[in-house]
Structure formats: C-alpha cells, structure tokens
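One file, protein_29.txt, carrying compact mmCIF, C-alpha atoms:
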```txt
# COMPACT_ATOMS: atom_id res chain seq x y z
CA LEU A 1 63.35 7.67 -14.24
CA GLU A 2 66.11 5.19 -15.00
CA ALA A 3 68.69 7.75 -13.87
CA VAL A 4 66.83 8.27 -10.60
CA ARG A 5 66.50 4.51 -10.09
CA ASP A 6 70.20 3.99 -10.71
CA GLY A 7 71.18 6.79 -8.31
CA LEU A 8 72.64 8.96 -11.08
CA LEU A 9 70.05 11.72 -10.62
CA GLN A 10 68.63 13.06 -7.40
CA PRO A 11 64.81 12.92 -7.07
CA ASP A 12 64.61 16.59 -6.06
CA ILE A 13 61.83 19.03 -6.95
CA ASP A 14 63.42 20.05 -10.27
CA THR A 15 63.85 16.45 -11.41
CA ILE A 16 60.29 15.57 -10.40
CA ASP A 17 58.94 18.60 -12.25
CA THR A 18 60.85 17.62 -15.40
CA ILE A 19 59.48 14.08 -15.22
CA TYR A 20 55.97 15.41 -14.61
CA GLN A 21 56.13 17.71 -17.65
CA GLN A 22 57.37 14.84 -19.82
CA VAL A 23 54.50 12.61 -18.63
CA LEU A 24 51.98 15.34 -19.48
CA HIS A 25 53.53 15.73 -22.93
CA LEU A 26 53.38 11.98 -23.53
CA ALA A 27 49.77 11.82 -22.33
CA ARG A 28 48.77 14.58 -24.76
CA LEU A 29 50.55 12.80 -27.60
CA VAL A 30 48.80 9.50 -26.85
CA GLU A 31 45.40 11.21 -26.67
CA ASP A 32 46.03 13.05 -29.96
CA LEU A 33 47.00 9.80 -31.68
CA ARG A 34 43.94 8.03 -30.26
CA LEU A 35 41.64 10.81 -31.49
CA LEU A 36 43.29 10.83 -34.90
CA ALA A 37 42.97 7.05 -35.25
CA LEU A 38 39.26 7.19 -34.38
CA ALA A 39 38.62 10.04 -36.81
CA GLU A 40 40.48 8.39 -39.68
CA ALA A 41 38.58 5.14 -39.08
CA GLY A 42 35.24 6.97 -39.10
CA ALA A 43 34.66 5.75 -35.54
CA LEU A 44 34.78 9.11 -33.75
CA ARG A 45 31.52 9.82 -31.93
CA LEU A 46 30.28 13.38 -32.36
CA ASP A 47 27.53 14.90 -30.22
CA ARG A 48 26.23 17.23 -32.92
CA GLU A 49 23.43 19.65 -32.19
CA PRO A 50 22.50 23.24 -33.08
CA ASP A 51 24.88 25.39 -31.04
CA SER A 52 26.41 28.84 -30.86
CA LEU A 53 29.62 29.12 -32.86
CA ASP A 54 29.85 32.71 -31.64
CA GLU A 55 30.13 31.52 -28.03
CA VAL A 56 32.68 28.84 -28.87
CA LEU A 57 34.87 31.40 -30.63
CA ARG A 58 34.62 33.94 -27.80
CA ARG A 59 35.48 31.39 -25.13
CA SER A 60 38.37 30.01 -27.17
CA VAL A 61 39.83 33.47 -27.74
CA GLU A 62 39.55 34.43 -24.07
CA ALA A 63 41.05 31.12 -22.96
CA ILE A 64 44.20 31.68 -25.00
CA ARG A 65 44.46 35.45 -24.50
CA PRO A 66 46.90 35.19 -21.53
CA ARG A 67 49.30 33.14 -23.65
CA ALA A 68 49.03 35.60 -26.52
CA GLU A 69 49.66 38.56 -24.22
CA ALA A 70 52.68 36.80 -22.72
CA ARG A 71 54.14 36.58 -26.24
CA GLY A 72 53.22 40.18 -27.06
CA VAL A 73 50.60 39.15 -29.63
CA ALA A 74 47.24 40.94 -29.87
CA LEU A 75 43.99 39.02 -30.39
CA SER A 76 40.91 40.23 -32.24
CA LEU A 77 37.50 38.61 -32.79
CA GLU A 78 34.94 39.68 -35.39
CA VAL A 79 31.53 37.99 -35.30
CA PRO A 80 28.34 39.53 -36.77
CA LEU A 81 25.37 40.06 -34.48
CA ASP A 82 22.73 37.31 -34.42
CA PHE A 83 25.09 34.76 -35.93
CA PRO A 84 23.04 31.66 -36.84
CA LEU A 85 23.47 28.36 -35.04
CA VAL A 86 25.77 25.69 -36.43
CA GLU A 87 25.27 21.93 -36.28
CA MET A 88 28.33 20.86 -34.32
CA ASP A 89 29.95 19.06 -31.45
CA ARG A 90 30.91 22.03 -29.28
CA THR A 91 33.86 20.29 -27.61
CA ARG A 92 35.42 19.19 -30.90
CA ILE A 93 34.98 22.53 -32.67
CA ALA A 94 36.45 24.28 -29.64
CA GLN A 95 39.41 21.92 -30.01
CA VAL A 96 39.78 22.92 -33.67
CA VAL A 97 39.66 26.63 -32.86
CA GLY A 98 42.12 26.15 -30.00
CA ASN A 99 44.56 24.31 -32.28
CA LEU A 100 44.36 27.03 -34.93
CA LEU A 101 44.81 29.82 -32.38
CA GLU A 102 47.74 28.05 -30.73
CA ASN A 103 49.38 27.59 -34.11
CA ALA A 104 48.80 31.21 -35.13
CA ILE A 105 50.17 32.63 -31.87
CA MET A 106 53.22 30.37 -32.03
CA HIS A 107 54.11 31.67 -35.50
CA THR A 108 53.34 35.36 -34.91
CA PRO A 109 56.19 37.58 -33.70
CA GLN A 110 55.94 40.09 -30.87
CA ASP A 111 53.65 43.06 -31.61
CA GLY A 112 51.83 40.92 -34.18
CA LEU A 113 48.09 40.32 -34.50
CA VAL A 114 45.92 37.22 -34.68
CA THR A 115 42.37 37.81 -35.90
CA VAL A 116 39.40 35.46 -35.87
CA VAL A 117 36.61 36.33 -38.28
CA ALA A 118 33.25 34.57 -38.57
CA GLU A 119 30.84 35.06 -41.45
CA VAL A 120 27.91 33.40 -43.16
CA ILE A 121 28.48 32.15 -46.70
CA GLY A 122 25.30 32.02 -48.76
CA VAL A 123 22.48 30.41 -46.80
CA THR A 124 24.07 27.09 -45.90
CA MET A 125 27.53 27.58 -44.43
CA ALA A 126 29.40 29.35 -41.65
CA ARG A 127 33.01 30.32 -42.31
CA VAL A 128 35.70 30.98 -39.72
CA THR A 129 39.06 32.48 -40.64
CA VAL A 130 42.01 32.53 -38.25
CA LYS A 131 44.63 34.85 -39.69
CA ASP A 132 47.97 36.05 -38.37
CA THR A 133 50.69 38.54 -39.21
CA GLY A 134 53.45 35.96 -38.93
CA VAL A 135 56.22 34.98 -41.30
CA GLY A 136 53.92 32.99 -43.56
CA ILE A 137 54.37 29.61 -45.21
CA SER A 138 56.19 28.92 -48.45
CA ALA A 139 54.33 27.62 -51.50
CA GLU A 140 56.32 24.37 -51.24
CA GLU A 141 55.31 23.71 -47.64
CA LEU A 142 51.71 24.94 -47.77
CA PRO A 143 50.21 21.72 -49.25
CA ARG A 144 51.77 19.68 -46.41
CA VAL A 145 50.60 21.64 -43.35
CA PHE A 146 47.75 19.21 -42.62
CA GLU A 147 49.98 16.13 -42.78
CA ARG A 148 50.57 14.33 -39.49
CA PHE A 149 53.88 15.12 -37.76
CA TYR A 150 54.69 17.85 -40.29
CA ARG A 151 55.85 21.16 -38.86
CA VAL A 152 56.74 24.26 -40.87
CA ASP A 153 59.26 25.45 -38.26
CA HIS A 154 61.77 22.60 -38.32
CA SER A 155 63.91 24.22 -35.61
CA ARG A 156 61.32 23.58 -32.90
CA THR A 157 61.67 20.43 -30.84
CA ARG A 158 58.82 18.03 -30.15
CA ALA A 159 58.81 19.11 -26.52
CA THR A 160 58.51 22.84 -27.19
CA GLY A 161 56.75 22.87 -30.53
CA GLY A 162 54.25 20.06 -30.33
CA ALA A 163 54.15 16.81 -32.22
CA GLY A 164 52.79 18.24 -35.46
CA LEU A 165 49.33 16.72 -35.02
CA GLY A 166 47.22 19.80 -34.27
CA LEU A 167 46.37 20.72 -37.85
CA THR A 168 45.89 17.07 -38.84
CA ILE A 169 43.35 16.64 -36.04
CA ALA A 170 41.64 19.91 -36.96
CA LYS A 171 41.20 18.69 -40.55
CA GLN A 172 39.78 15.34 -39.45
CA LEU A 173 37.33 16.96 -37.02
CA ILE A 174 36.08 19.53 -39.52
CA GLU A 175 35.60 16.90 -42.22
CA ALA A 176 33.78 14.66 -39.73
CA HIS A 177 31.30 17.55 -39.36
CA GLY A 178 30.75 17.65 -43.11
CA GLY A 179 32.86 20.77 -43.45
CA THR A 180 36.08 21.81 -45.16
CA ILE A 181 39.32 23.43 -44.05
CA ARG A 182 42.17 24.97 -46.00
CA ALA A 183 45.25 27.12 -45.55
CA GLU A 184 46.32 30.22 -47.46
CA SER A 185 49.63 31.99 -46.98
CA GLU A 186 52.27 34.18 -48.51
CA PRO A 187 55.77 34.41 -47.04
CA GLY A 188 56.21 37.64 -45.13
CA LYS A 189 52.48 38.41 -45.11
CA GLY A 190 51.09 35.91 -42.62
CA SER A 191 48.77 32.94 -42.94
CA ARG A 192 45.03 32.24 -42.96
CA PHE A 193 43.37 29.02 -41.89
CA ILE A 194 39.76 28.84 -43.04
CA PHE A 195 37.12 26.29 -42.14
CA GLU A 196 33.47 26.04 -43.07
CA LEU A 197 30.64 24.20 -41.32
CA PRO A 198 26.99 23.65 -42.28
CA LEU A 199 24.46 25.91 -40.60
CA ALA A 200 22.03 24.09 -38.34
CA ALA A 201 18.95 25.03 -40.34
CA GLN A 202 20.37 23.32 -43.42
CA VAL A 203 21.28 19.98 -41.81
CA THR A 204 18.79 17.14 -42.32
CA SER A 205 18.74 13.88 -40.42
```
Translate the structure of the given file into structure tokens.
Amino acid sequence: LEAVRDGLLQPDIDTIDTIYQQVLHLARLVEDLRLLALAEAGALRLDREPDSLDEVLRRSVEAIRPRAEARGVALSLEVPLDFPLVEMDRTRIAQVVGNLLENAIMHTPQDGLVTVVAEVIGVTMARVTVKDTGVGISAEELPRVFERFYRVDHSRTRATGGAGLGLTIAKQLIEAHGGTIRAESEPGKGSRFIFELPLAAQVTS
C-alpha cells in the first residue's frame, strides 16, 4: 500500500489481488489469535449440545476433498453405523477437524492417502483419528507440534504454510470440551492425530 501511495507500484488488478490476499491472511491470523487468547483464558463460549459427530466428519471431509484432489491426495472416511451423539459445539469441532485435515493434506505427497476413522471407546468416549501417509514427524519435533507458531516444515513461509496456530487451536478447543488430543508419528510412515470427546449420554450438567 505504501508503494502504491508513493507511486512506485501501479494499482492494477494484480497488485490489488496481492493486497487483497494479504489482508485475508492477516484477518485469519488476527481471528486465530483472538480465539486462542479466549480459549487459554477460559473465556471461550461453547454452544455444547448432543450432536452428530458423524455428520460433522462427513461435511468436513467433503468440504476439503477438492483441495485434496488438486494435490493428488485421496481421502477416506470410516464411521460405524449408528454412531452415538457427542456433547459438542458443532462449529468448533468442525474447525478442529478442518485444521487436522488441512495439516494432513499439506504434509501428504501426491498419490498419498488421508484417512479419518471414528470409533467408540468403552461407553464414555468417542475417538477420531486423522492419519496420513506423509513423511512423518521426528521424535524430537513430535512433542512440540501443538506449540503456537511451531511448524514441522521450516521451509514453508507464513504466507503459504500458515502461521503455525492450527494445531494449537485444535488442542485448546478439544480440551475446552473436556477431551484430549495427541499426535503419533514415525518418520517415513506418516502421522496420526487422535482426539477424544465425551459421548452425550455420559455428560452431566
């Protein structure tokens, strides 16, 4: 904008598009930081109610399928029939799933596979695993993947690779639901991000 103001850059369509994309990126960063600050302060409002995790997963997978196909990555979803309801804020859990899928697709090479698996653990918890056939994460880096601004692929820029807040936000949102999230990986054999949430029938007010 300063270059345009000073007459050093022409305000043509390409320049305007670049500025627009930068504004969108900045807006996303500000919103992510706002959400993270609220979650860490325990001030994030969640509209929790019994809802269909199956539907959230299916919609999230279909929403990101075009991006996966553009990168040559296959998507698979495995959810048992009659999956029980989960006590959750649909919008926030969809955000978690979207972050995990985006991360998995970004780190999976062409002709790879990203799989989402849902299952019931015991009688109290639902478990979702997002696994990929990517390059994996080293044992040294694995404990840091949920830290803010930390990115495993250090070659990616903030503009093309995100700000490194997606997994941090996912962790805060899952924990705000009374759940847990963890990462498992082995270099060369892909990664698995696993979160668990209480089933609706087991949540008491």
task = Please provide the set of residues having any atom within 7 Å of A:Pro198, restricted to only C-alpha atoms, with same-chain residues fewer than 5 positions apart removed, written as a PyMOL selection string.
result = chain A and resi 86-87+124-126+179+203
ask   = Out of A:Gly134, A:Gly122, A:Pro84, A:Gly166, which residue has the shortest atom-to-atom distance to A:Ser52 when counting all atoms listed in the file?
value =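 Looking at the shortest contact to A:Ser52, the residue is A:Pro84.
Between atom CA of A:Gln22 and atom CA of A:Phe149 the interatomic distance comes to 18.3 Å.
Computed from the coordinates, the atom CA of A:Val117 to atom CA of A:Glu184 distance equals 14.7 Å.
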Nearest candidate to A:Glu31 (options A:Val73, A:Ile169, A:Ile194, A:Leu199; using all atoms listed in the file) =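 Among A:Val73, A:Ile169, A:Ile194, A:Leu199, it is A:Ile169 that comes nearest to A:Glu31.
Coordinates place atom CA of A:His25 at a distance of 28.9 Å from atom CA of A:Thr180.
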